[in-house]
>>> print(open('structure.cif').read())   # mmCIF, C-alpha atoms
data_coords
#
loop_
_atom_site.group_PDB
_atom_site.id
_atom_site.type_symbol
_atom_site.label_atom_id
_atom_site.label_comp_id
_atom_site.auth_asym_id
_atom_site.auth_seq_id
_atom_site.Cartn_x
_atom_site.Cartn_y
_atom_site.Cartn_z
ATOM 1 C CA MET S 1 70.754 88.033 75.191
ATOM 2 C CA GLU S 2 74.012 89.697 76.115
ATOM 3 C CA SER S 3 73.315 93.201 74.849
ATOM 4 C CA ILE S 4 70.477 95.547 73.974
ATOM 5 C CA LYS S 5 71.242 95.618 70.279
ATOM 6 C CA PRO S 6 69.180 98.641 69.119
ATOM 7 C CA LEU S 7 70.267 100.700 72.114
ATOM 8 C CA GLN S 8 73.838 99.423 71.847
ATOM 9 C CA ARG S 9 74.016 100.531 68.212
ATOM 10 C CA MET S 10 72.708 103.966 69.104
ATOM 11 C CA LEU S 11 75.220 104.363 71.918
ATOM 12 C CA GLU S 12 78.140 103.168 69.813
ATOM 13 C CA GLY S 13 77.101 105.341 66.884
ATOM 14 C CA SER S 14 76.908 108.322 69.215
ATOM 15 C CA LYS S 15 80.427 107.636 70.544
ATOM 16 C CA PHE S 16 79.157 107.205 74.105
ATOM 17 C CA VAL S 17 81.331 105.135 76.431
ATOM 18 C CA LEU S 18 79.399 102.508 78.358
ATOM 19 C CA THR S 19 80.787 102.171 81.861
ATOM 20 C CA PRO S 20 80.101 98.960 83.788
ATOM 21 C CA SER S 21 77.561 100.783 85.986
ATOM 22 C CA VAL S 22 75.670 102.086 82.927
ATOM 23 C CA LYS S 23 75.660 98.614 81.363
ATOM 24 C CA ASP S 24 74.257 97.147 84.579
ATOM 25 C CA ARG S 25 71.591 99.824 84.730
ATOM 26 C CA ILE S 26 70.567 99.219 81.127
ATOM 27 C CA LYS S 27 70.203 95.490 81.784
ATOM 28 C CA GLU S 28 68.115 96.204 84.876
ATOM 29 C CA THR S 29 65.886 98.734 83.111
ATOM 30 C CA PHE S 30 65.342 97.147 79.701
ATOM 31 C CA LYS S 31 63.718 93.720 79.632
ATOM 32 C CA PRO S 32 63.211 91.815 76.341
ATOM 33 C CA PHE S 33 59.849 90.326 75.450
ATOM 34 C CA MET S 34 57.911 89.241 72.374
ATOM 35 C CA ILE S 35 54.759 91.003 71.176
ATOM 36 C CA PRO S 36 52.541 88.988 68.812
ATOM 37 C CA LYS S 37 51.688 90.200 65.319
ATOM 38 C CA GLY S 38 48.591 92.422 65.221
ATOM 39 C CA ARG S 39 48.856 93.673 68.800
ATOM 40 C CA VAL S 40 47.802 97.296 69.406
ATOM 41 C CA LEU S 41 50.244 98.878 71.851
ATOM 42 C CA VAL S 42 48.717 102.347 71.832
ATOM 43 C CA ASP S 43 45.150 103.051 70.720
ATOM 44 C CA LEU S 44 43.387 106.290 69.884
ATOM 45 C CA GLY S 45 42.705 108.273 73.032
ATOM 46 C CA GLN S 46 45.305 106.429 75.120
ATOM 47 C CA ILE S 47 48.561 107.787 76.502
ATOM 48 C CA SER S 48 51.631 106.142 74.963
ATOM 49 C CA PRO S 49 53.099 104.354 78.014
ATOM 50 C CA SER S 50 56.467 103.106 76.752
ATOM 51 C CA LEU S 51 59.407 103.649 74.440
ATOM 52 C CA TYR S 52 60.227 100.505 72.427
ATOM 53 C CA PHE S 53 63.622 99.397 71.114
ATOM 54 C CA ILE S 54 62.929 96.885 68.338
ATOM 55 C CA ASP S 55 65.316 93.937 68.267
ATOM 56 C CA LYS S 56 63.473 92.110 65.489
ATOM 57 C CA GLY S 57 60.096 92.753 63.893
ATOM 58 C CA VAL S 58 57.978 95.480 62.307
ATOM 59 C CA MET S 59 55.594 98.067 63.761
ATOM 60 C CA ARG S 60 53.618 100.910 62.286
ATOM 61 C CA THR S 61 51.765 103.969 63.497
ATOM 62 C CA TYR S 62 48.625 105.132 61.744
ATOM 63 C CA TYR S 63 45.812 107.673 62.010
ATOM 64 C CA LEU S 64 42.264 107.650 60.709
ATOM 65 C CA ARG S 65 40.984 109.723 57.815
ATOM 66 C CA GLY S 66 37.290 108.980 57.709
ATOM 67 C CA SER S 67 37.026 105.209 57.657
ATOM 68 C CA GLU S 68 40.509 104.763 56.158
ATOM 69 C CA ASP S 69 43.650 104.252 58.209
ATOM 70 C CA ILE S 70 46.748 106.060 56.943
ATOM 71 C CA THR S 71 50.193 104.722 57.859
ATOM 72 C CA SER S 72 52.339 107.530 59.258
ATOM 73 C CA LEU S 73 55.433 105.547 60.306
ATOM 74 C CA LEU S 74 57.003 102.161 59.531
ATOM 75 C CA VAL S 75 59.783 100.879 61.818
ATOM 76 C CA SER S 76 61.687 97.613 62.007
ATOM 77 C CA ASP S 77 64.827 95.872 63.291
ATOM 78 C CA GLY S 78 67.068 98.266 65.237
ATOM 79 C CA ASP S 79 64.584 101.156 65.299
ATOM 80 C CA ILE S 80 63.147 102.970 68.297
ATOM 81 C CA VAL S 81 59.465 103.878 68.409
ATOM 82 C CA CYS S 82 56.664 105.396 70.431
ATOM 83 C CA ILE S 83 53.827 107.827 69.721
ATOM 84 C CA ALA S 84 56.218 110.707 70.293
ATOM 85 C CA GLU S 85 53.832 113.525 71.211
ATOM 86 C CA SER S 86 51.811 111.266 73.477
ATOM 87 C CA PHE S 87 54.834 109.681 75.180
ATOM 88 C CA PHE S 88 56.973 112.770 75.757
ATOM 89 C CA LEU S 89 54.086 115.079 76.712
ATOM 90 C CA GLN S 90 51.974 112.347 78.338
ATOM 91 C CA LYS S 91 48.882 113.395 76.414
ATOM 92 C CA LEU S 92 46.158 111.401 74.668
ATOM 93 C CA SER S 93 47.267 109.900 71.365
ATOM 94 C CA ASN S 94 45.615 110.653 68.031
ATOM 95 C CA GLU S 95 47.472 107.734 66.435
ATOM 96 C CA VAL S 96 47.660 103.958 66.846
ATOM 97 C CA LEU S 97 50.825 101.892 67.320
ATOM 98 C CA GLU S 98 50.624 98.231 66.297
ATOM 99 C CA THR S 99 52.868 95.281 65.449
ATOM 100 C CA LEU S 100 52.903 93.937 61.893
ATOM 101 C CA GLU S 101 55.096 90.936 62.713
ATOM 102 C CA ASP S 102 55.834 88.981 65.862
ATOM 103 C CA THR S 103 58.209 91.537 67.364
ATOM 104 C CA ILE S 104 60.945 91.222 69.987
ATOM 105 C CA VAL S 105 61.431 94.485 71.856
ATOM 106 C CA TYR S 106 63.055 96.080 74.853
ATOM 107 C CA SER S 107 60.848 98.716 76.454
ATOM 108 C CA ILE S 108 61.043 101.433 79.051
ATOM 109 C CA SER S 109 58.108 103.189 80.725
ATOM 110 C CA TYR S 110 57.782 106.963 80.742
ATOM 111 C CA ASP S 111 58.528 107.227 84.476
ATOM 112 C CA ALA S 112 61.605 104.988 84.183
ATOM 113 C CA TYR S 113 62.760 106.956 81.112
ATOM 114 C CA ARG S 114 62.467 110.293 82.911
ATOM 115 C CA LYS S 115 64.317 108.973 85.953
ATOM 116 C CA LEU S 116 67.069 107.486 83.825
ATOM 117 C CA ILE S 117 67.827 110.635 81.826
ATOM 118 C CA GLU S 118 67.621 112.871 84.900
ATOM 119 C CA GLU S 119 70.090 110.745 86.866
ATOM 120 C CA ASP S 120 72.516 109.563 84.172
ATOM 121 C CA VAL S 121 74.414 111.875 81.842
ATOM 122 C CA THR S 122 75.001 109.094 79.270
ATOM 123 C CA MET S 123 71.303 108.379 78.985
ATOM 124 C CA ALA S 124 70.536 112.106 78.849
ATOM 125 C CA GLY S 125 72.942 112.332 75.918
ATOM 126 C CA LEU S 126 71.167 109.417 74.265
ATOM 127 C CA ALA S 127 67.830 111.192 74.647
ATOM 128 C CA VAL S 128 69.264 114.217 72.829
ATOM 129 C CA LYS S 129 70.565 111.917 70.100
ATOM 130 C CA LEU S 130 67.132 110.358 69.714
ATOM 131 C CA LEU S 131 65.604 113.811 69.277
ATOM 132 C CA GLU S 132 68.225 114.785 66.721
ATOM 133 C CA GLN S 133 67.645 111.589 64.729
ATOM 134 C CA HIS S 134 63.876 112.079 64.842
ATOM 135 C CA LEU S 135 64.241 115.590 63.411
ATOM 136 C CA ILE S 136 66.605 114.367 60.680
ATOM 137 C CA ASN S 137 64.219 111.554 59.712
ATOM 138 C CA PHE S 138 61.282 113.948 59.650
ATOM 139 C CA THR S 139 63.198 116.387 57.436
ATOM 140 C CA ASP S 140 64.167 113.584 55.055
ATOM 141 C CA LYS S 141 60.542 112.457 54.795
ATOM 142 C CA VAL S 142 59.366 115.999 54.059
ATOM 143 C CA LYS S 143 61.923 116.268 51.266
ATOM 144 C CA VAL S 144 60.777 112.960 49.756
ATOM 145 C CA PHE S 145 57.144 114.064 49.719
ATOM 146 C CA LYS S 146 57.877 117.598 48.546
ATOM 147 C CA TYR S 147 60.287 116.959 45.702
ATOM 148 C CA LEU S 148 59.583 113.431 44.405
ATOM 149 C CA SER S 149 56.704 112.178 42.297
ATOM 150 C CA VAL S 150 54.676 109.195 43.517
ATOM 151 C CA GLU S 151 56.669 106.887 41.228
ATOM 152 C CA GLN S 152 59.966 108.295 42.514
ATOM 153 C CA ARG S 153 58.807 107.973 46.146
ATOM 154 C CA ILE S 154 58.010 104.301 45.635
ATOM 155 C CA GLU S 155 61.323 103.524 43.947
ATOM 156 C CA TYR S 156 63.192 105.496 46.614
ATOM 157 C CA TYR S 157 61.427 103.634 49.409
ATOM 158 C CA ILE S 158 61.728 100.058 48.155
ATOM 159 C CA ASN S 159 65.477 100.546 47.661
ATOM 160 C CA HIS S 160 66.064 102.328 50.967
ATOM 161 C CA PRO S 161 68.027 100.336 53.600
ATOM 162 C CA SER S 162 65.262 100.759 56.195
ATOM 163 C CA SER S 163 62.517 99.572 53.834
ATOM 164 C CA VAL S 164 60.203 96.769 54.985
ATOM 165 C CA PHE S 165 59.042 96.121 51.424
ATOM 166 C CA ARG S 166 57.865 92.501 51.033
ATOM 167 C CA ARG S 167 57.711 92.025 54.815
ATOM 168 C CA ILE S 168 54.287 93.633 55.154
ATOM 169 C CA PRO S 169 51.197 94.154 52.944
ATOM 170 C CA ASP S 170 51.776 96.657 50.144
ATOM 171 C CA HIS S 171 48.743 98.782 51.075
ATOM 172 C CA TYR S 172 50.442 99.847 54.323
ATOM 173 C CA ILE S 173 53.430 101.103 52.345
ATOM 174 C CA ALA S 174 51.117 102.735 49.801
ATOM 175 C CA THR S 175 49.323 104.885 52.376
ATOM 176 C CA TYR S 176 52.666 105.695 54.030
ATOM 177 C CA LEU S 177 53.896 107.029 50.682
ATOM 178 C CA GLY S 178 50.707 108.999 50.085
ATOM 179 C CA THR S 179 49.200 106.862 47.349
ATOM 180 C CA THR S 180 46.730 104.033 46.771
ATOM 181 C CA GLY S 181 47.275 100.296 46.590
ATOM 182 C CA ALA S 182 46.391 100.286 42.891
ATOM 183 C CA THR S 183 48.891 103.032 42.084
ATOM 184 C CA PHE S 184 51.563 101.313 44.165
ATOM 185 C CA SER S 185 51.033 98.060 42.248
ATOM 186 C CA ARG S 186 51.113 99.864 38.882
ATOM 187 C CA CYS S 187 54.342 101.663 39.777
ATOM 188 C CA LEU S 188 55.997 98.426 40.875
ATOM 189 C CA LYS S 189 55.268 96.968 37.440
ATOM 190 C CA ALA S 190 56.698 100.067 35.794
ATOM 191 C CA ILE S 191 59.844 99.927 37.933
ATOM 192 C CA GLY S 192 60.313 96.289 36.966
ATOM 193 C CA PRO S 193 61.461 93.304 39.014
ATOM 194 C CA GLU S 194 65.042 93.773 37.865
ATOM 195 C CA ARG S 195 65.190 96.898 40.064
ATOM 196 C CA TYR S 196 64.555 94.934 43.239
ATOM 197 C CA LYS S 197 64.508 91.341 44.488
ATOM 198 C CA THR S 198 61.566 89.767 46.294
ATOM 199 C CA GLY S 199 62.276 89.802 50.007
ATOM 200 C CA LYS S 200 65.741 91.345 49.551
ATOM 201 C CA LEU S 201 66.577 94.830 48.406
ATOM 202 C CA ILE S 202 69.303 95.478 45.912
#
>>> encode(input="structure.cif", output="structure tokens")
Amino acid sequence: MESIKPLQRMLEGSKFVLTPSVKDRIKETFKPFMIPKGRVLVDLGQISPSLYFIDKGVMRTYYLRGSEDITSLLVSDGDIVCIAESFFLQKLSNEVLETLEDTIVYSISYDAYRKLIEEDVTMAGLAVKLLEQHLINFTDKVKVFKYLSVEQRIEYYINHPSSVFRRIPDHYIATYLGTTGATFSRCLKAIGPERYKTGKLI
């Protein structure tokens, strides 16, 4: 592969200029590999070891509430993911990170990440951009949960550009949106198939 697509998009979107030396360093630092579907990358009580740039695939993070697992994050092609608190603070995770599809990623370890942002101003700027985007995404999610009904949340999500609707089991999306599988199914029927297309959002 000639470029790190998720990282490249972030850099271009942030108006960073990639010098030849930065490009070479990125290629040396980030190595692509495939992670099979169903692989747990971070388990409860582990320290999140790496930051992942998803080229193609789907991952989720979840936590346990009693015997039930609750999806807290869904990420896919072009996204960047880790268990943030565990990775950045190097503390034990209270969430799980797993793949929901065979997923092609580029990854960077915590030590390599720290070294990169301390020694390269472009990568330090990228780290700030990642933090800004995380805060924006978190604020957007809070607004969705605070102001929208369950039915509105579901319709908003399945029509959102970052949605992985139809790529993963509905019950993962249901818990992510704060509802049950039965309610999710009922709301889909109420929304009607004309409001979305199977496997492709309108």
>>> atom_distance(input="structure.cif", atom1="CA of Phe30 in chain S", atom2="CA of Leu135 in chain S")
24.6 Å
>>> atom_distance(input="structure.cif", atom1="CA of Phe33 in chain S", atom2="CA of Leu97 in chain S")
16.8 Å
>>> closest_residue(input="structure.cif", among="S:Gly181, S:Pro169, S:Gly192, S:Gly38", to="Leu100 in chain S", atoms="all atoms listed in the file")
S:Gly38
>>> resolve_selection(input="structure.cif", expression="the PyMOL selection byres ((chain S and resi 167) around 12)", output="compact mmCIF listing (two decimals) with C-alpha atoms, keeping the file's coordinate frame")
# COMPACT_ATOMS: atom_id res chain seq x y z
CA GLY S 57 60.10 92.75 63.89
CA VAL S 58 57.98 95.48 62.31
CA MET S 59 55.59 98.07 63.76
CA LEU S 74 57.00 102.16 59.53
CA VAL S 75 59.78 100.88 61.82
CA SER S 76 61.69 97.61 62.01
CA ASP S 77 64.83 95.87 63.29
CA LEU S 100 52.90 93.94 61.89
CA GLU S 101 55.10 90.94 62.71
CA ASP S 102 55.83 88.98 65.86
CA ILE S 158 61.73 100.06 48.16
CA SER S 162 65.26 100.76 56.20
CA SER S 163 62.52 99.57 53.83
CA VAL S 164 60.20 96.77 54.98
CA PHE S 165 59.04 96.12 51.42
CA ARG S 166 57.86 92.50 51.03
CA ILE S 168 54.29 93.63 55.15
CA PRO S 169 51.20 94.15 52.94
CA ASP S 170 51.78 96.66 50.14
CA HIS S 171 48.74 98.78 51.08
CA TYR S 172 50.44 99.85 54.32
CA ILE S 173 53.43 101.10 52.34
CA THR S 198 61.57 89.77 46.29
CA GLY S 199 62.28 89.80 50.01
CA LYS S 200 65.74 91.34 49.55
CA LEU S 201 66.58 94.83 48.41
>>> resolve_selection(input="structure.cif", expression="the PyMOL selection byres ((chain S and resi 69-71) around 9)", output="JSON, numbers by chain")
{"S": [60, 61, 62, 63, 64, 65, 66, 67, 68, 72, 73, 74, 172, 173, 174, 175, 176, 177, 178]}
>>> atom_distance(input="structure.cif", atom1="CA of Phe184 in chain S", atom2="CA of Ala84 in chain S")
28.2 Å
>>> closest_residue(input="structure.cif", among="S:Ile80, S:Leu89, S:Val142, S:Val128", to="Asp111 in chain S", atoms="only C-alpha atoms")
S:Leu89
>>> closest_residue(input="structure.cif", among="S:Lys56, S:Arg39, S:Lys141, S:Lys115", to="Val96 in chain S", atoms="all atoms listed in the file")
S:Arg39
